[in-house]
Amino acid sequence: MIDTARAPRTSASAPRDPLLDRMAGADHREVGGVSIDTTRAANGRVKRVCYPPGFRWSTHMKPLVNTPLCMHAHVGFLARGRVRGTYADGCAFDLTAPRAVVIEPGHDAWVVGKDTAVLIEFDTENSTAARFGLPDSHRHA
């Protein structure tokens, strides 16, 4: 019997990876190849987002959301992997787990290397940037 509550393993002998397992009681969906588990927490949400190797926002998500850049603010903890990105003005970021992350709206980002990037994210849906005191898009002070 196949356990559909767990992410696929890379081989039959690979040990179970709880970081990639679906979150108990969370809403699960897959969008643009990204696995997202979301659960309500107080006035916001906690999300476990798994970006696969080779993922790039402008390639995999842009056609689905019809904006030139990702306009969502990301606040959380990069638990695994490496993510690089750029903002419209050319500013770049390079994030390697483990570390806290804040990515302002108005970016493109991609996974670097062969590991899935796992982000534990805290958000308030469409008001995340404002609730965390971030601008509505990246800009220099």
# chains A, B, ... in the order shown; residues from 1 in each chain; ligands from 1
>>> select_by_dssp(residues="range 3-83 of chain A", states="helix (DSSP H, G or I)", output="VMD selection string")
chain A and resid 57 to 60 62 to 65
>>> write_last_selection(atoms="C-alpha atoms", output="mmCIF file, in the first residue's frame")
data_model
loop_
_atom_site.group_PDB
_atom_site.id
_atom_site.type_symbol
_atom_site.label_atom_id
_atom_site.label_comp_id
_atom_site.auth_asym_id
_atom_site.auth_seq_id
_atom_site.Cartn_x
_atom_site.Cartn_y
_atom_site.Cartn_z
ATOM 1 C CA TRP A 57 9.808 31.333 -9.803
ATOM 2 C CA SER A 58 9.909 33.044 -13.219
ATOM 3 C CA THR A 59 9.810 29.694 -15.009
ATOM 4 C CA HIS A 60 7.355 27.709 -12.891
ATOM 5 C CA LYS A 62 5.030 33.363 -13.292
ATOM 6 C CA PRO A 63 2.812 31.720 -15.938
ATOM 7 C CA LEU A 64 0.343 30.721 -13.206
ATOM 8 C CA VAL A 65 0.069 34.044 -11.331
#
>>> select_by_dssp(residues="chain A", states="strand (DSSP E or B)", output="MDAnalysis selection string")
chainID A and resid 27:31 34:41 44:51 56 70 74:80 82:87 92:96 99:103 107:112 117:123
>>> residues_around(residues="range 101-109 of chain A", least_positions_apart="2", cutoff="8 Å", atoms="only C-alpha atoms", output="PyMOL selection string")
chain A and resi 56-58+69-78+83-88+95+99+111+129+134-138
>>> residues_around(residues="Ser35 in chain A", least_positions_apart="2", cutoff="6 Å", atoms="only C-alpha atoms", output="number ranges by chain")
A: 30, 49-50
>>> write_last_selection(atoms="N, CA and C atoms", output="compact mmCIF listing (two decimals), in the first residue's frame")
# COMPACT_ATOMS: atom_id res chain seq x y z
N GLU A 30 -0.22 21.43 -4.36
CA GLU A 30 0.98 21.52 -5.18
C GLU A 30 0.70 22.54 -6.27
N VAL A 49 6.89 24.96 2.92
CA VAL A 49 6.96 25.04 1.47
C VAL A 49 8.22 24.32 1.00
N CYS A 50 8.04 23.34 0.09
CA CYS A 50 9.15 22.57 -0.45
C CYS A 50 9.34 22.94 -1.92
>>> atom_distance(atom1="CA of Asp21 in chain A", atom2="CA of Ala41 in chain A")
19.3 Å
>>> closest_residue(among="A:Arg45, A:Leu20, A:Ala97, A:Pro15", to="Asn126 in chain A", atoms="only C-alpha atoms")
A:Arg45
